[in-house]
Each structure stands twice: as structure tokens, then as C-alpha cells.
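**Student:** Structure: final.txt, compact mmCIF, C-alpha atoms and all ligand atoms.
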```
# COMPACT_ATOMS: atom_id res chain seq x y z
CA MET R 1 -13.53 -14.75 11.13
CA LYS R 2 -10.00 -13.93 12.27
CA ILE R 3 -8.10 -11.12 10.53
CA SER R 4 -4.41 -10.82 9.76
CA GLY R 5 -3.08 -7.41 8.67
CA SER R 6 -0.35 -7.04 6.03
CA PHE R 7 1.77 -3.88 6.13
CA LEU R 8 3.38 -4.53 2.71
CA SER R 9 1.80 -1.39 1.20
CA SER R 10 2.62 0.83 4.19
CA LYS R 11 4.54 4.05 3.61
CA ASN R 12 5.24 4.40 7.34
CA ILE R 13 5.64 0.96 8.90
CA PRO R 14 6.28 1.95 12.56
CA LYS R 15 3.25 4.25 12.58
CA ASP R 16 0.94 1.75 10.85
CA LEU R 17 2.08 -1.10 13.11
CA GLU R 18 1.25 1.03 16.15
CA LYS R 19 -2.14 1.88 14.69
CA LEU R 20 -2.83 -1.82 14.01
CA ASN R 21 -1.77 -2.64 17.55
CA ASP R 22 -4.57 -0.38 18.82
CA THR R 23 -7.22 -2.42 16.94
CA ASP R 24 -8.60 -5.89 17.68
CA ILE R 25 -6.72 -7.43 14.72
CA ASP R 26 -5.71 -11.03 15.42
CA TYR R 27 -2.31 -11.20 13.71
CA ILE R 28 0.25 -9.10 11.87
CA HIS R 29 0.98 -10.71 8.49
CA VAL R 30 4.66 -10.38 7.67
CA ASP R 31 5.33 -10.67 3.92
CA VAL R 32 8.89 -11.73 3.17
CA MET R 33 10.12 -11.66 -0.46
CA ASP R 34 13.60 -12.65 -1.60
CA GLY R 35 13.79 -11.18 -5.13
CA LYS R 36 14.04 -14.76 -6.49
CA PHE R 37 10.73 -16.49 -5.74
CA THR R 38 9.18 -13.08 -6.40
CA GLU R 39 10.60 -10.20 -8.40
CA ASN R 40 10.31 -7.80 -5.49
CA ARG R 41 12.40 -8.02 -2.36
CA THR R 42 11.33 -6.88 1.12
CA MET R 43 13.63 -5.35 3.75
CA PRO R 44 16.29 -7.60 5.32
CA PHE R 45 15.69 -9.43 8.59
CA SER R 46 17.97 -6.96 10.42
CA GLU R 47 15.24 -4.34 9.83
CA MET R 48 12.25 -6.67 9.89
CA ARG R 49 13.10 -7.87 13.41
CA HIS R 50 12.08 -4.44 14.75
CA ILE R 51 8.40 -5.14 14.00
CA SER R 52 8.00 -6.30 17.57
CA ASP R 53 9.15 -2.87 18.83
CA TYR R 54 5.87 -1.48 17.48
CA THR R 55 3.37 -4.27 18.08
CA SER R 56 2.58 -6.90 20.67
CA LYS R 57 0.34 -8.83 18.26
CA ARG R 58 1.31 -12.36 17.25
CA LEU R 59 2.95 -12.62 13.83
CA ASP R 60 1.74 -14.60 10.81
CA VAL R 61 4.92 -14.83 8.72
CA HIS R 62 4.50 -15.44 4.96
CA LEU R 63 7.77 -16.51 3.34
CA MET R 64 7.64 -15.92 -0.42
CA VAL R 65 11.17 -17.23 -0.87
CA LYS R 66 12.98 -19.92 -2.86
CA GLU R 67 14.92 -21.27 0.11
CA PRO R 68 12.77 -21.15 3.28
CA SER R 69 15.42 -22.90 5.42
CA LYS R 70 17.57 -19.74 5.21
CA TYR R 71 14.78 -17.62 6.73
CA ILE R 72 12.97 -19.93 9.16
CA PRO R 73 15.62 -19.84 11.96
CA MET R 74 15.71 -16.00 11.90
CA TYR R 75 11.95 -15.47 11.91
CA ALA R 76 11.51 -18.15 14.57
CA GLU R 77 13.16 -15.68 17.01
CA LEU R 78 10.14 -13.37 16.70
CA ASN R 79 6.69 -13.60 18.29
CA CYS R 80 5.30 -15.99 15.65
CA GLU R 81 1.97 -17.79 15.74
CA TYR R 82 2.56 -19.21 12.25
CA ILE R 83 5.43 -19.45 9.79
CA THR R 84 4.15 -20.22 6.30
CA PHE R 85 6.20 -21.04 3.21
CA HIS R 86 5.25 -21.92 -0.35
CA ILE R 87 4.66 -25.41 -1.69
CA GLU R 88 6.30 -24.03 -4.88
CA SER R 89 9.57 -23.30 -3.02
CA SER R 90 12.72 -25.13 -4.12
CA GLU R 91 13.64 -27.13 -1.03
CA ASP R 92 12.38 -30.35 0.60
CA ILE R 93 8.92 -29.45 1.94
CA LYS R 94 8.81 -32.01 4.74
CA LYS R 95 12.22 -30.93 6.07
CA ASN R 96 11.09 -27.32 6.30
CA ILE R 97 7.83 -28.30 8.01
CA ASP R 98 9.91 -30.16 10.61
CA LEU R 99 12.30 -27.19 10.91
CA ILE R 100 9.40 -24.85 11.80
CA LYS R 101 7.82 -27.33 14.21
CA GLY R 102 11.19 -27.80 15.92
CA TYR R 103 10.77 -24.23 17.20
CA SER R 104 7.25 -25.09 18.52
CA ILE R 105 5.75 -22.70 15.97
CA LYS R 106 2.68 -23.61 13.92
CA CYS R 107 3.45 -24.38 10.30
CA GLY R 108 1.61 -23.18 7.20
CA LEU R 109 1.88 -24.09 3.53
CA ALA R 110 1.01 -21.42 0.97
CA ILE R 111 -0.38 -22.32 -2.43
CA SER R 112 -0.28 -20.01 -5.46
CA PRO R 113 -3.34 -19.59 -7.72
CA ASP R 114 -2.10 -21.92 -10.50
CA THR R 115 -0.85 -24.78 -8.34
CA LYS R 116 -2.98 -27.94 -8.12
CA ILE R 117 -4.76 -28.35 -4.80
CA SER R 118 -3.93 -32.08 -4.82
CA SER R 119 -0.22 -31.23 -4.39
CA LEU R 120 -1.04 -30.38 -0.74
CA ILE R 121 -2.28 -33.89 0.07
CA PRO R 122 1.04 -35.51 1.13
CA TYR R 123 1.66 -32.73 3.68
CA LEU R 124 -1.80 -32.36 5.21
CA PRO R 125 -1.16 -34.50 8.31
CA ASP R 126 1.81 -32.32 9.27
CA ILE R 127 0.59 -28.74 8.83
CA ASP R 128 -1.57 -26.33 10.86
CA LEU R 129 -2.57 -23.82 8.18
CA ILE R 130 -3.06 -23.50 4.43
CA LEU R 131 -2.52 -20.04 2.97
CA VAL R 132 -4.62 -19.86 -0.17
CA MET R 133 -3.24 -17.14 -2.44
CA SER R 134 -6.01 -15.13 -4.08
CA VAL R 135 -3.43 -13.11 -6.09
CA VAL R 136 -0.09 -14.04 -7.66
CA PRO R 137 2.44 -13.56 -4.84
CA GLY R 138 4.76 -10.61 -5.27
CA ARG R 139 2.99 -7.36 -4.46
CA GLY R 140 0.04 -5.80 -2.67
CA GLU R 141 -2.96 -3.97 -4.10
CA GLN R 142 -3.87 -6.63 -6.70
CA GLU R 143 -7.36 -7.78 -7.58
CA PHE R 144 -8.85 -10.91 -5.96
CA ILE R 145 -8.82 -13.83 -8.44
CA GLU R 146 -12.41 -15.12 -8.71
CA LYS R 147 -11.62 -18.83 -8.96
CA THR R 148 -10.13 -18.68 -5.44
CA SER R 149 -13.63 -19.12 -4.09
CA ASP R 150 -13.89 -22.67 -5.53
CA ARG R 151 -10.35 -23.46 -4.41
CA ILE R 152 -11.12 -22.54 -0.80
CA LYS R 153 -14.19 -24.80 -0.89
CA GLU R 154 -12.16 -27.65 -2.37
CA ILE R 155 -9.53 -27.29 0.36
CA ARG R 156 -12.21 -27.17 3.06
CA GLU R 157 -13.64 -30.44 1.70
CA LEU R 158 -10.20 -32.05 1.75
CA ILE R 159 -9.66 -31.02 5.37
CA GLU R 160 -13.03 -32.48 6.32
CA GLU R 161 -12.50 -35.66 4.34
CA TYR R 162 -9.21 -36.32 6.16
CA LYS R 163 -10.69 -35.07 9.49
CA LEU R 164 -7.79 -32.68 10.08
CA ASN R 165 -7.33 -29.65 12.26
CA ILE R 166 -6.03 -27.17 9.68
CA VAL R 167 -7.08 -23.52 9.36
CA ILE R 168 -7.55 -21.80 6.01
CA ASN R 169 -6.09 -18.33 5.54
CA VAL R 170 -6.80 -16.39 2.31
CA ASP R 171 -4.34 -13.73 1.12
CA GLY R 172 -4.61 -11.05 -1.57
CA GLY R 173 -7.19 -8.51 -2.69
CA ILE R 174 -9.37 -8.97 0.41
CA ASN R 175 -11.93 -6.23 1.10
CA ASP R 176 -15.56 -6.01 2.30
CA LYS R 177 -16.79 -7.27 -1.12
CA THR R 178 -14.35 -10.10 -1.83
CA LYS R 179 -14.66 -11.46 1.74
CA GLU R 180 -18.07 -12.78 0.66
CA LYS R 181 -16.18 -15.20 -1.61
CA CYS R 182 -14.24 -16.61 1.33
CA ASN R 183 -17.00 -18.12 3.46
CA PHE R 184 -15.07 -21.35 3.99
CA ALA R 185 -11.97 -19.57 5.37
CA ASP R 186 -10.93 -19.14 9.02
CA ILE R 187 -8.55 -16.19 8.59
CA LEU R 188 -8.53 -13.37 6.04
CA THR R 189 -5.28 -11.54 5.34
CA SER R 190 -5.78 -7.99 4.20
CA GLY R 191 -3.26 -5.28 3.38
CA SER R 192 -4.11 -2.20 1.36
CA TYR R 193 -7.84 -2.25 2.22
CA ILE R 194 -6.91 -1.61 5.87
CA ILE R 195 -3.61 0.30 5.53
CA LYS R 196 -4.82 2.78 2.91
CA SER R 197 -7.87 3.73 4.98
CA ASN R 198 -8.17 6.33 7.69
CA ASN R 199 -10.06 4.05 10.07
CA PHE R 200 -8.27 0.73 10.54
CA GLN R 201 -10.73 -0.64 13.11
CA GLU R 202 -13.76 0.06 10.92
CA LYS R 203 -12.18 -1.83 7.98
CA ILE R 204 -11.13 -4.74 10.19
CA SER R 205 -14.66 -5.00 11.66
CA SER R 206 -16.13 -5.01 8.14
CA LEU R 207 -14.12 -8.17 7.33
CA ARG R 208 -15.21 -10.22 10.36
C1 LIG Y 301 0.96 -10.64 -1.86
C2 LIG Y 301 1.11 -10.66 -0.35
C3 LIG Y 301 -0.13 -10.24 0.36
C4 LIG Y 301 -0.50 -8.79 0.12
C5 LIG Y 301 -1.87 -8.47 0.63
O1 LIG Y 301 2.11 -11.06 -2.47
O2 LIG Y 301 1.43 -11.95 0.07
O3 LIG Y 301 -0.02 -10.49 1.74
O4 LIG Y 301 0.40 -7.92 0.72
O5 LIG Y 301 -2.13 -7.15 0.28
P1 LIG Y 301 -3.50 -6.70 -0.39
O6 LIG Y 301 -4.55 -6.92 0.63
O7 LIG Y 301 -3.27 -5.27 -0.73
O8 LIG Y 301 -3.71 -7.58 -1.60
ZN ZN Y 302 1.11 -12.42 2.21
```
Re-express the file's structure as C-alpha cells.
Ligand code: DX5
Ligand code: ZN
**Tutor:**
Amino acid sequence: MKISGSFLSSKNIPKDLEKLNDTDIDYIHVDVMDGKFTENRTMPFSEMRHISDYTSKRLDVHLMVKEPSKYIPMYAELNCEYITFHIESSEDIKKNIDLIKGYSIKCGLAISPDTKISSLIPYLPDIDLILVMSVVPGRGEQEFIEKTSDRIKEIRELIEEYKLNIVINVDGGINDKTKEKCNFADILTSGSYIIKSNNFQEKISSLR
């Protein structure tokens, strides 16, 4: 299992990014909120761009925004493995997939807990990752929603049925207990479970 670390709940981002950089974590998960798609808003790109001053890890950018096309060109400047935006966003999905791929960055689609899995079907041939939300997007430290387990399995079956090369990332409320409900995932994104601990590597190892 690959692990992506979210620093959304960090009280000292530079320090925690440096600590994460000293672990074997696979990606840094960058949560971006615009105050429209979500109530909360994260720091502006002018500050966010400094992430790479503190880590050499590849970034897994999660855009929780209404208008992804306003953010994609900025984030594409960073050391991104994936840029993921929500299927519930307001713009043309296919255009934004093409925008991300135009930068030779892998593209993800995120799906919130109440959105029908079948809505992903038209986009499956064009994406590299599905980010299955196991909490309502908007803040860290929430509880894992139980039904996510069935949703991950359903998505895995879809990927197999269409014989596609798409990875499943699960985001929200991930810890050493809830990871057991994510057996069909490829990547687990975890924030507070790692960041609020005093041994990042131990927590990361417990999720693998
Ligand atoms: C939720 C974010 C998640 C969150 C994960 O809106 O997308 O990435 O920060 O944090 P934990 O692991 O604390 O749920
Ligand atoms: Zn996230």
C-alpha cells in the first residue's frame, strides 16, 4: 500500500513537511480549498508554492474547488505526481482532465461520499486515479464513513470490468483501524493520524 500524507491539520507546516520528508512516505497530499466548494479556505498559492522548499517528495494535489481551471496551471508548476479535482466541481470535467494532462501530470477525479459511483463511468478511459472520499470534503480529523468500504469495492470492480489502469486513493479518517476497510485501495491518504503523533514513521508503517 502506498501512503500519501496530508498536512491540513498541521500547526507548523515547514517543520511537519521536513519530518515527513525524513520518512518513507510516498507522496505529500496537498489539500486545496477555495471557500466555495468547501466552507473552509486554505492558504493562497503564493504561500502553498513553498511546500517544495521543505520536501523533495512528489505531490498529490487535491483540489476541493469550484473552478479547477483557475488552480491547475499554478499547481502544475510544482513537483506533482497527481492533480485531482472533484467530479462535483462546476466546470467541464473533460476539459479539466485535458488541461492537467497537457502538463504531462497524472490526472485524478475525486468523488464525495454521496455522489453516485456511476457518474465516473464517462471519464474512466481518461483518468489515472480515483480519489474516494471517506469523509465529506472540507476539514481534517473527521470520522471514516463506513459505507466507503463498499464504494471502494464497487470502483475496483468497475476498473477491472473496463480493464483500466487506474489507482484508487482513499482520503479521510484513515488510521490503523479504518485501513482494514480499504483493502481494495492502492493509496491511503492520511492526515491527523500521522501529523498528530510523535512518531511519523511508525504511523506510516502501520498503514502499509
Ligand atoms: C478532507 C481532506 C483530507 C483530510 C485528511 O477534506 O481532503 O485530505 O485532510 O485528514 P484526516 O486524515 O485527518 O481525515
Ligand atoms: Zn484531501
**Student:** Got a sec: who's within 8 Å of Pro137 in chain R, counting all atoms listed in the file, leaving out chain neighbours fewer than 3 positions off, as number ranges by chain?
**Tutor:** R: 38, 64, 112, 133
**Student:** Hey, which residues come within 8 Å of ligand ZN 302 (chain Y) if we count all atoms listed in the file? Could you give them as a ChimeraX atom specification?
**Tutor:** /R:6,29-32,61-64,133,137,171-172,189
**Student:** Sort by chain and increasing residue number a table of all residues of chain R within 6 Å of ligand LIG 301 (chain Y), each with its closest pair of atoms and their distance in Å to one decimal, counting all atoms listed in the file, and write it as JSON lines.
**Tutor:**
```
{"residue": "R:Ser6", "atom": "CA", "partner": "Y:LIG301", "partner_atom": "O4", "distance": 5.4}
{"residue": "R:Leu8", "atom": "CA", "partner": "Y:LIG301", "partner_atom": "O4", "distance": 4.9}
{"residue": "R:Asp31", "atom": "CA", "partner": "Y:LIG301", "partner_atom": "O2", "distance": 5.6}
{"residue": "R:Pro137", "atom": "CA", "partner": "Y:LIG301", "partner_atom": "O1", "distance": 3.5}
{"residue": "R:Gly138", "atom": "CA", "partner": "Y:LIG301", "partner_atom": "O1", "distance": 3.9}
{"residue": "R:Arg139", "atom": "CA", "partner": "Y:LIG301", "partner_atom": "O1", "distance": 4.3}
{"residue": "R:Gly140", "atom": "CA", "partner": "Y:LIG301", "partner_atom": "O7", "distance": 3.9}
{"residue": "R:Glu141", "atom": "CA", "partner": "Y:LIG301", "partner_atom": "O7", "distance": 3.6}
{"residue": "R:Gln142", "atom": "CA", "partner": "Y:LIG301", "partner_atom": "O8", "distance": 5.2}
{"residue": "R:Asp171", "atom": "CA", "partner": "Y:LIG301", "partner_atom": "O3", "distance": 5.4}
{"residue": "R:Gly172", "atom": "CA", "partner": "Y:LIG301", "partner_atom": "O8", "distance": 3.6}
{"residue": "R:Gly173", "atom": "CA", "partner": "Y:LIG301", "partner_atom": "O8", "distance": 3.8}
{"residue": "R:Ile174", "atom": "CA", "partner": "Y:LIG301", "partner_atom": "O6", "distance": 5.2}
{"residue": "R:Ser190", "atom": "CA", "partner": "Y:LIG301", "partner_atom": "O6", "distance": 3.9}
{"residue": "R:Gly191", "atom": "CA", "partner": "Y:LIG301", "partner_atom": "O6", "distance": 3.5}
{"residue": "R:Ser192", "atom": "CA", "partner": "Y:LIG301", "partner_atom": "O7", "distance": 3.8}
{"residue": "R:Tyr193", "atom": "CA", "partner": "Y:LIG301", "partner_atom": "O6", "distance": 5.9}
```
**Student:** Which residue is closest to Asn169 in chain R? Choose from R:Met43, R:Ile13, R:Leu78, R:Leu188 and count only C-alpha atoms.
**Tutor:**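 Between R:Met43, R:Ile13, R:Leu78, R:Leu188, the residue approaching Asn169 in chain R most closely is R:Leu188.
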**Student:** Give me the residues within 8 Å of range 14-20 of chain R as a VMD selection string, counting all atoms listed in the file and dropping any in the same chain fewer than 4 places off.
**Tutor:** chain R and resid 5 7 10 24 to 25 51 54 to 55 195 200
**Student:** Next, write the just-selected residues to a file, as an mmCIF file, in the frame of the given file, keeping C-alpha atoms as the atom set.
**Tutor:**
```cif
data_model
loop_
_atom_site.group_PDB
_atom_site.id
_atom_site.type_symbol
_atom_site.label_atom_id
_atom_site.label_comp_id
_atom_site.auth_asym_id
_atom_site.auth_seq_id
_atom_site.Cartn_x
_atom_site.Cartn_y
_atom_site.Cartn_z
ATOM 1 C CA GLY R 5 -3.080 -7.410 8.670
ATOM 2 C CA PHE R 7 1.770 -3.880 6.130
ATOM 3 C CA SER R 10 2.620 0.830 4.190
ATOM 4 C CA ASP R 24 -8.600 -5.890 17.680
ATOM 5 C CA ILE R 25 -6.720 -7.430 14.720
ATOM 6 C CA ILE R 51 8.400 -5.140 14.000
ATOM 7 C CA TYR R 54 5.870 -1.480 17.480
ATOM 8 C CA THR R 55 3.370 -4.270 18.080
ATOM 9 C CA ILE R 195 -3.610 0.300 5.530
ATOM 10 C CA PHE R 200 -8.270 0.730 10.540
#
```
**Student:** What does the distance from CA of Ile155 in chain R to CA of Leu124 in chain R come to in Å, to one decimal?
**Tutor:**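 Here the two named atoms are 10.4 Å from each other.
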**Student:** Given only C-alpha atoms as the basis, pick out the residue of R:Val170, R:Leu158, R:Met33, R:Ser56 nearest to Ala110 in chain R.
**Tutor:**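 So, comparing all the options, the nearest one is R:Val170.
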**Student:** What is the distance between CA of Lys177 in chain R and CA of Asp26 in chain R, in Å to one decimal?
**Tutor:**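 Going from CA of Lys177 in chain R over to CA of Asp26 in chain R, I get 20.3 Å.
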**Student:** Leaving out Thr148 in chain R and any residue of its chain fewer than 2 positions from it, which residues lie within 8 Å of it when counting all atoms listed in the file, given as a list of chain:residue names?
**Tutor:**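 Once the adjacent positions are removed, what remains is R:Pro113, R:Val132, R:Met133, R:Ser134, R:Phe144, R:Ile145, R:Glu146, R:Asp150, R:Arg151, R:Ile152, R:Lys181.
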**Student:** Restricting the calculation to all atoms listed in the file: of R:Pro44, R:Pro125, R:Pro68, R:Gly35, which residue gets closest to Ile87 in chain R?
**Tutor:**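 Among the listed residues, R:Pro68 lies closest to Ile87 in chain R.
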**Student:** For Glu47 in chain R, which residue among R:Tyr75, R:Phe85, R:Ser206, R:Val65 is the nearest when counting only C-alpha atoms?
**Tutor:**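 Smallest separation from Glu47 in chain R among the options: R:Tyr75.
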**Student:** How big is the axis-aligned box around all listed atoms of range 50-54 of chain R once 4 Å goes on each side, and where's its centre, in Å to one decimal, as lines of an AutoDock Vina configuration file?
**Tutor:**
```
center_x = 9.0
center_y = -3.9
center_z = 16.4
size_x = 14.2
size_y = 12.8
size_z = 12.8
```
**Student:** Find the residue from R:Asn96, R:Ser89, R:Ser52, R:Asn165 that sits nearest to Asn21 in chain R; use all atoms listed in the file when measuring.
**Tutor:**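 Closest to Asn21 in chain R of all the choices is R:Ser52.
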**Student:** I'd like the interatomic distance between CA of Glu202 in chain R and CA of Thr178 in chain R, to a tenth of an Å.
**Tutor:**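 Result for CA of Glu202 in chain R versus CA of Thr178 in chain R: 16.3 Å, one decimal.
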**Student:** Can you fill out range 188-206 of chain R with N, CA, C and O atoms and hand it back as an mmCIF file, in the coordinates of the input?
**Tutor:**
```
data_model
loop_
_atom_site.group_PDB
_atom_site.id
_atom_site.type_symbol
_atom_site.label_atom_id
_atom_site.label_comp_id
_atom_site.auth_asym_id
_atom_site.auth_seq_id
_atom_site.Cartn_x
_atom_site.Cartn_y
_atom_site.Cartn_z
ATOM 1 N N LEU R 188 -8.705 -14.167 7.255
ATOM 2 C CA LEU R 188 -8.530 -13.370 6.040
ATOM 3 C C LEU R 188 -7.330 -12.452 6.259
ATOM 4 O O LEU R 188 -7.253 -11.759 7.279
ATOM 5 N N THR R 189 -6.422 -12.459 5.289
ATOM 6 C CA THR R 189 -5.280 -11.540 5.340
ATOM 7 C C THR R 189 -5.575 -10.366 4.434
ATOM 8 O O THR R 189 -5.895 -10.543 3.262
ATOM 9 N N SER R 190 -5.478 -9.175 4.999
ATOM 10 C CA SER R 190 -5.780 -7.990 4.200
ATOM 11 C C SER R 190 -4.719 -6.930 4.413
ATOM 12 O O SER R 190 -4.284 -6.691 5.545
ATOM 13 N N GLY R 191 -4.298 -6.314 3.308
ATOM 14 C CA GLY R 191 -3.260 -5.280 3.380
ATOM 15 C C GLY R 191 -3.806 -3.916 3.062
ATOM 16 O O GLY R 191 -4.269 -3.180 3.948
ATOM 17 N N SER R 192 -3.794 -3.575 1.770
ATOM 18 C CA SER R 192 -4.110 -2.200 1.360
ATOM 19 C C SER R 192 -5.502 -1.743 1.797
ATOM 20 O O SER R 192 -5.677 -0.571 2.118
ATOM 21 N N TYR R 193 -6.476 -2.646 1.824
ATOM 22 C CA TYR R 193 -7.840 -2.250 2.220
ATOM 23 C C TYR R 193 -7.830 -1.622 3.623
ATOM 24 O O TYR R 193 -8.536 -0.639 3.871
ATOM 25 N N ILE R 194 -6.993 -2.158 4.505
ATOM 26 C CA ILE R 194 -6.910 -1.610 5.870
ATOM 27 C C ILE R 194 -5.931 -0.426 5.909
ATOM 28 O O ILE R 194 -6.281 0.666 6.372
ATOM 29 N N ILE R 195 -4.712 -0.665 5.389
ATOM 30 C CA ILE R 195 -3.610 0.300 5.530
ATOM 31 C C ILE R 195 -3.875 1.630 4.818
ATOM 32 O O ILE R 195 -3.448 2.686 5.269
ATOM 33 N N LYS R 196 -4.561 1.548 3.676
ATOM 34 C CA LYS R 196 -4.820 2.780 2.910
ATOM 35 C C LYS R 196 -6.047 3.544 3.400
ATOM 36 O O LYS R 196 -6.465 4.519 2.783
ATOM 37 N N SER R 197 -6.660 3.048 4.482
ATOM 38 C CA SER R 197 -7.870 3.730 4.980
ATOM 39 C C SER R 197 -7.517 4.652 6.139
ATOM 40 O O SER R 197 -6.411 4.576 6.676
ATOM 41 N N ASN R 198 -8.468 5.501 6.527
ATOM 42 C CA ASN R 198 -8.170 6.330 7.690
ATOM 43 C C ASN R 198 -8.880 5.850 8.952
ATOM 44 O O ASN R 198 -8.875 6.518 9.969
ATOM 45 N N ASN R 199 -9.486 4.650 8.867
ATOM 46 C CA ASN R 199 -10.060 4.050 10.070
ATOM 47 C C ASN R 199 -9.812 2.542 10.048
ATOM 48 O O ASN R 199 -10.617 1.780 9.521
ATOM 49 N N PHE R 200 -8.669 2.150 10.595
ATOM 50 C CA PHE R 200 -8.270 0.730 10.540
ATOM 51 C C PHE R 200 -9.332 -0.160 11.187
ATOM 52 O O PHE R 200 -9.703 -1.190 10.635
ATOM 53 N N GLN R 201 -9.805 0.243 12.375
ATOM 54 C CA GLN R 201 -10.730 -0.640 13.110
ATOM 55 C C GLN R 201 -12.030 -0.869 12.331
ATOM 56 O O GLN R 201 -12.546 -1.986 12.291
ATOM 57 N N GLU R 202 -12.508 0.196 11.693
ATOM 58 C CA GLU R 202 -13.760 0.060 10.920
ATOM 59 C C GLU R 202 -13.580 -0.959 9.792
ATOM 60 O O GLU R 202 -14.444 -1.811 9.562
ATOM 61 N N LYS R 203 -12.444 -0.892 9.087
ATOM 62 C CA LYS R 203 -12.180 -1.830 7.980
ATOM 63 C C LYS R 203 -12.031 -3.252 8.501
ATOM 64 O O LYS R 203 -12.533 -4.204 7.906
ATOM 65 N N ILE R 204 -11.332 -3.400 9.616
ATOM 66 C CA ILE R 204 -11.130 -4.740 10.190
ATOM 67 C C ILE R 204 -12.499 -5.320 10.583
ATOM 68 O O ILE R 204 -12.802 -6.475 10.251
ATOM 69 N N SER R 205 -13.332 -4.528 11.240
ATOM 70 C CA SER R 205 -14.660 -5.000 11.660
ATOM 71 C C SER R 205 -15.496 -5.410 10.451
ATOM 72 O O SER R 205 -16.283 -6.359 10.530
ATOM 73 N N SER R 206 -15.326 -4.706 9.323
ATOM 74 C CA SER R 206 -16.130 -5.010 8.140
ATOM 75 C C SER R 206 -15.723 -6.342 7.505
ATOM 76 O O SER R 206 -16.437 -6.872 6.656
#
```
